[in-house]
>>> print(open('work29.txt').read())   # compact mmCIF, C-alpha atoms
# COMPACT_ATOMS: atom_id res chain seq x y z
CA GLU V 1 -25.18 -28.58 -9.99
CA THR V 2 -25.04 -29.04 -13.76
CA ALA V 3 -25.72 -26.19 -16.19
CA ASN V 4 -25.14 -25.09 -19.76
CA ALA V 5 -26.12 -21.52 -18.88
CA ALA V 6 -23.87 -19.07 -17.05
CA ILE V 7 -23.62 -19.70 -13.30
CA SER V 8 -23.15 -16.88 -10.78
CA LEU V 9 -22.66 -17.53 -7.06
CA THR V 10 -22.82 -14.43 -4.81
CA THR V 11 -22.50 -14.76 -1.05
CA SER V 12 -22.19 -12.59 2.06
CA GLY V 13 -20.00 -15.27 3.66
CA ASP V 14 -18.15 -18.39 2.62
CA ILE V 15 -19.00 -21.02 0.00
CA VAL V 16 -18.32 -24.70 0.70
CA ILE V 17 -18.20 -27.06 -2.28
CA SER V 18 -18.19 -30.66 -1.09
CA GLY V 19 -16.94 -33.44 -3.33
CA ALA V 20 -14.86 -33.43 -6.50
CA ASN V 21 -16.53 -32.35 -9.77
CA THR V 22 -19.72 -31.26 -7.97
CA VAL V 23 -20.33 -28.08 -9.96
CA ILE V 24 -20.56 -28.85 -13.68
CA GLY V 25 -21.07 -26.53 -16.63
CA THR V 26 -19.90 -25.55 -20.08
CA ASN V 27 -20.58 -21.81 -19.86
CA THR V 28 -19.08 -19.21 -17.51
CA LEU V 29 -18.86 -19.49 -13.72
CA THR V 30 -18.61 -16.43 -11.46
CA ILE V 31 -18.00 -16.63 -7.70
CA GLN V 32 -18.04 -13.34 -5.82
CA PRO V 33 -18.76 -11.75 -2.42
CA LEU V 34 -21.96 -9.78 -1.92
CA SER V 35 -20.12 -6.73 -0.57
CA THR V 36 -17.72 -4.74 -2.71
CA GLY V 37 -15.33 -4.67 0.27
CA GLY V 38 -15.48 -8.40 0.86
CA THR V 39 -12.08 -10.08 1.05
CA ILE V 40 -11.30 -13.29 -0.83
CA GLY V 41 -8.84 -16.10 -0.20
CA VAL V 42 -8.12 -18.66 -2.91
CA GLY V 43 -5.87 -21.69 -2.46
CA ALA V 44 -3.57 -22.95 0.28
CA GLY V 45 -3.11 -20.67 3.26
CA ALA V 46 -5.15 -17.80 1.76
CA THR V 47 -8.02 -16.49 3.85
CA GLY V 48 -10.89 -14.09 3.31
CA THR V 49 -14.56 -13.53 4.01
CA LEU V 50 -15.04 -15.72 0.94
CA ASN V 51 -12.57 -18.59 1.06
CA LEU V 52 -12.02 -21.10 -1.75
CA ASP V 53 -9.51 -23.79 -0.79
CA ALA V 54 -8.20 -26.67 -2.90
CA THR V 55 -11.23 -28.85 -2.03
CA ASP V 56 -13.62 -26.14 -3.25
CA ILE V 57 -11.70 -25.66 -6.50
CA ALA V 58 -11.59 -29.43 -7.03
CA GLY V 59 -15.38 -29.34 -6.87
CA LEU V 60 -15.44 -27.31 -10.12
CA LYS V 61 -15.42 -29.88 -12.91
CA ASP V 62 -13.19 -29.16 -15.89
CA GLY V 63 -15.29 -27.83 -18.76
CA PHE V 64 -16.30 -24.26 -17.93
CA SER V 65 -15.50 -21.76 -20.66
CA SER V 66 -14.08 -19.51 -17.93
CA ILE V 67 -14.10 -19.09 -14.16
CA THR V 68 -14.16 -15.64 -12.56
CA ILE V 69 -13.46 -15.12 -8.86
CA GLY V 70 -14.12 -11.67 -7.36
CA ARG V 71 -16.10 -8.57 -8.24
CA VAL V 72 -15.62 -6.16 -11.11
CA ASP V 73 -16.01 -3.37 -8.50
CA GLY V 74 -14.34 -5.19 -5.62
CA THR V 75 -12.15 -3.23 -3.22
CA GLY V 76 -11.35 -5.98 -0.70
CA LEU V 77 -7.95 -7.69 -0.82
CA VAL V 78 -7.81 -10.90 -2.87
CA THR V 79 -5.08 -13.29 -1.74
CA VAL V 80 -4.16 -16.30 -3.88
CA GLY V 81 -2.20 -19.20 -2.41
CA ALA V 82 -0.96 -22.34 -4.11
CA ILE V 83 -3.69 -23.67 -6.41
CA THR V 84 -4.18 -25.35 -9.78
CA PHE V 85 -7.07 -24.57 -12.13
CA THR V 86 -8.28 -26.73 -15.02
CA ASP V 87 -10.22 -23.95 -16.79
CA PRO V 88 -9.27 -20.38 -17.78
CA VAL V 89 -9.52 -18.24 -14.65
CA THR V 90 -9.86 -14.52 -13.94
CA ILE V 91 -9.14 -13.26 -10.42
CA ARG V 92 -10.41 -9.73 -9.97
CA ALA V 93 -10.66 -6.87 -7.48
CA GLY V 94 -11.61 -4.25 -10.02
CA GLY V 95 -12.60 -1.38 -7.71
CA ALA V 96 -10.37 1.69 -7.53
CA THR V 97 -8.57 0.43 -4.40
CA GLY V 98 -8.71 -3.28 -5.18
CA ASP V 99 -5.49 -5.27 -4.67
CA ILE V 100 -4.47 -8.82 -5.60
CA THR V 101 -1.57 -10.63 -3.91
CA VAL V 102 -0.32 -13.99 -5.19
CA SER V 103 1.40 -15.69 -2.25
CA GLY V 104 1.61 -19.27 -3.53
CA ALA V 105 2.35 -21.07 -6.78
CA VAL V 106 -0.56 -20.77 -9.23
CA ALA V 107 -0.86 -23.12 -12.19
CA THR V 108 -3.31 -24.12 -14.88
CA THR V 109 -3.49 -27.33 -16.87
CA GLY V 110 -3.43 -27.46 -20.66
CA ASN V 111 -3.39 -24.21 -22.62
CA THR V 112 -5.68 -22.36 -20.22
CA GLY V 113 -4.76 -18.90 -18.93
CA VAL V 114 -4.73 -16.71 -15.84
CA THR V 115 -5.96 -13.10 -15.78
CA LEU V 116 -5.33 -10.88 -12.74
CA ASN V 117 -7.53 -7.77 -12.81
CA ALA V 118 -7.01 -5.24 -10.01
CA GLY V 119 -8.04 -1.63 -9.63
CA GLN V 120 -4.83 -0.73 -7.86
CA ALA V 121 -1.97 -3.21 -7.41
CA VAL V 122 -1.08 -6.77 -8.36
CA THR V 123 1.77 -8.23 -6.30
CA LEU V 124 3.29 -11.59 -7.23
CA ASN V 125 5.28 -13.16 -4.41
CA SER V 126 5.27 -16.59 -6.01
CA THR V 127 5.06 -18.12 -9.48
CA ILE V 128 2.34 -18.42 -12.11
CA THR V 129 2.77 -21.28 -14.57
CA THR V 130 0.17 -21.27 -17.30
CA GLY V 131 -0.59 -20.95 -21.00
CA ASN V 132 -1.24 -17.19 -20.99
CA VAL V 133 -0.82 -14.55 -18.29
CA THR V 134 -2.73 -11.28 -18.53
CA VAL V 135 -2.30 -8.60 -15.87
CA VAL V 136 -4.74 -5.68 -15.99
CA ARG V 137 -4.32 -2.67 -13.75
CA THR V 138 -7.06 -0.06 -14.07
CA THR V 139 -5.58 2.58 -11.72
CA GLY V 140 -2.84 3.05 -9.17
CA ASN V 141 0.42 1.12 -9.02
CA ASP V 142 2.21 -0.78 -11.74
CA VAL V 143 2.27 -4.54 -11.71
CA ALA V 144 5.15 -5.70 -9.52
CA THR V 145 6.58 -9.05 -8.50
CA THR V 146 9.35 -10.66 -6.55
CA GLY V 147 8.46 -14.04 -8.00
CA SER V 148 8.32 -15.26 -11.57
CA ILE V 149 5.90 -15.92 -14.42
CA SER V 150 6.44 -19.01 -16.56
CA VAL V 151 4.72 -19.59 -19.89
CA THR V 152 5.07 -22.33 -22.47
CA ALA V 153 6.19 -21.75 -26.06
CA GLY V 154 3.84 -19.80 -28.30
CA THR V 155 1.96 -18.08 -25.48
CA THR V 156 1.96 -14.48 -24.29
CA ILE V 157 2.51 -12.27 -21.28
CA THR V 158 0.38 -9.11 -21.39
CA GLY V 159 1.09 -6.18 -19.08
CA ASP V 160 -1.17 -3.49 -17.67
CA ALA V 161 -3.04 -0.78 -19.57
CA SER V 162 0.21 1.08 -20.26
CA GLY V 163 1.77 -2.07 -21.72
CA ARG V 164 4.21 -2.56 -18.85
CA LEU V 165 4.96 -5.57 -16.69
CA ILE V 166 7.50 -4.87 -13.95
CA THR V 167 8.95 -8.10 -12.65
CA GLY V 168 11.74 -9.43 -10.51
CA ALA V 169 12.16 -12.44 -12.78
CA ALA V 170 10.42 -13.44 -16.00
CA VAL V 171 10.90 -16.96 -17.33
CA VAL V 172 10.22 -17.74 -21.00
CA ASP V 173 10.27 -21.42 -21.94
CA THR V 174 10.58 -22.69 -25.50
CA THR V 175 10.10 -26.26 -26.64
CA GLU V 176 12.50 -25.69 -29.54
CA ALA V 177 15.49 -27.74 -28.36
CA ASN V 178 17.84 -26.10 -30.85
CA GLY V 179 16.81 -22.57 -30.01
CA GLY V 180 13.50 -21.44 -31.50
CA THR V 181 12.24 -17.88 -31.26
CA ASP V 182 9.34 -16.86 -29.03
CA THR V 183 7.87 -13.35 -29.09
CA ALA V 184 7.67 -12.18 -25.50
CA THR V 185 6.10 -8.73 -25.96
CA SER V 186 5.49 -5.91 -28.37
CA GLY V 187 5.62 -3.49 -25.44
CA THR V 188 8.22 -3.14 -22.70
CA ILE V 189 9.71 -5.51 -20.14
CA THR V 190 11.14 -3.59 -17.16
CA LEU V 191 13.37 -5.33 -14.64
CA SER V 192 14.05 -3.88 -11.21
CA ALA V 193 17.45 -4.19 -9.51
CA GLY V 194 18.59 -7.80 -9.46
CA GLY V 195 15.95 -8.91 -11.93
CA ALA V 196 16.67 -11.32 -14.76
CA ILE V 197 15.10 -12.76 -17.87
CA GLN V 198 15.99 -16.44 -18.02
CA LEU V 199 15.70 -18.36 -21.27
CA ALA V 200 15.24 -22.11 -21.44
CA SER V 201 17.24 -22.41 -24.67
CA PRO V 202 19.39 -20.17 -26.91
CA ASN V 203 17.84 -17.56 -29.20
CA ALA V 204 14.48 -17.82 -27.45
CA LEU V 205 13.50 -14.20 -26.82
CA THR V 206 12.41 -11.51 -29.27
CA VAL V 207 11.13 -8.17 -27.97
CA GLY V 208 10.09 -4.84 -29.38
CA ALA V 209 11.75 -2.93 -26.54
CA ALA V 210 13.57 -4.00 -23.38
CA THR V 211 14.46 -1.68 -20.52
CA ALA V 212 16.80 -2.44 -17.61
CA ASN V 213 16.66 -0.09 -14.62
CA ASP V 214 19.19 -0.19 -11.78
CA GLY V 215 16.58 1.25 -9.41
CA GLY V 216 18.80 4.14 -8.30
CA ALA V 217 17.94 7.82 -8.20
CA SER V 218 19.62 8.30 -11.55
CA GLY V 219 18.87 4.87 -12.95
CA THR V 220 20.62 3.67 -16.07
CA SER V 221 18.43 2.23 -18.81
CA THR V 222 19.11 0.43 -22.04
CA SER V 223 16.59 -0.14 -24.79
CA THR V 224 16.17 -1.27 -28.35
CA THR V 225 13.53 -1.08 -31.03
CA GLY V 226 14.88 -4.16 -32.74
CA ALA V 227 15.27 -7.74 -31.63
CA ILE V 228 17.35 -9.06 -28.76
CA THR V 229 18.83 -12.51 -29.31
CA VAL V 230 20.41 -14.37 -26.41
CA SER V 231 22.53 -17.39 -27.23
CA ALA V 232 24.83 -19.65 -25.23
CA ALA V 233 24.49 -17.87 -21.87
CA ASP V 234 20.68 -18.12 -21.99
CA LYS V 235 20.43 -15.07 -19.80
CA LEU V 236 19.75 -11.37 -20.23
>>> encode(input="work29.txt", output="structure tokens")
Amino acid sequence: ETANAAISLTTSGDIVISGANTVIGTNTLTIQPLSTGGTIGVGAGATGTLNLDATDIAGLKDGFSSITIGRVDGTGLVTVGAITFTDPVTIRAGGATGDITVSGAVATTGNTGVTLNAGQAVTLNSTITTGNVTVVRTTGNDVATTGSISVTAGTTITGDASGRLITGAAVVDTTEANGGTDTATSGTITLSAGGAIQLASPNALTVGAATANDGGASGTSTSTTGAITVSAADKL
């Protein structure tokens, strides 16, 4: 199928896309289950009522302005396994009890981005490597991860509606070999016990406020309203 208009595919079951670059367009593409409670699996090892494996995703030719998978009012679990997208992608389960779990490495090519939009919880158990990462949580739990998010120089990580991204490990990469400065956030980065911010080169992280929490009942926090500069150790 080739189209310059927006494409929307809604199904009560699965969608099978046979052959590489089968679905072609320059506008938006939306793929979603008919039922608000329909589950979705995207990528390797992920299963759902609607299942999009690597062959299905390869059938989406590079060129869409954006790809959206899931419903704005979806409450069924969306599981994302290892997968690579060539266009900006939004994965959503936007209903009040909607959850998204990333269980495999997610990547995009070029300067495209990944948006995870859940009504309740977004759990990252693997990595996301992309131009821009946006995590939107409309209600319920804060964004949490035991994996990592990697972004290239000059891009952004955006947290939930309260401006928070709670992560086990956040990786900020800069292409400045001699230690350029990347702005990570104007909000707050919160690290749980054992978490770390790893910098690819010296002097690569500037934040408005950073908070470290030991996770205990009377957790100890440190913060700043200025800049944090990390040099030789490349680790905060």
>>> residues_around(input="work29.txt", residues="Gly74 (chain V)", least_positions_apart="2", cutoff="9 Å", atoms="only C-alpha atoms", output="PyMOL selection string")
chain V and resi 32-33+35-39+70-72+76-77+92-99+118-119
>>> atom_distance(input="work29.txt", atom1="CA of Ile128 (chain V)", atom2="CA of Ala46 (chain V)")
15.8 Å
>>> closest_residue(input="work29.txt", among="V:Val80, V:Ile91, V:Ile31, V:Val23", to="Gly63 (chain V)", atoms="all atoms listed in the file")
V:Val23
>>> closest_residue(input="work29.txt", among="V:Asn21, V:Thr84, V:Thr134, V:Ser126", to="Val114 (chain V)", atoms="all atoms listed in the file")
V:Thr134
>>> atom_distance(input="work29.txt", atom1="CA of Gly25 (chain V)", atom2="CA of Ser65 (chain V)")
8.4 Å
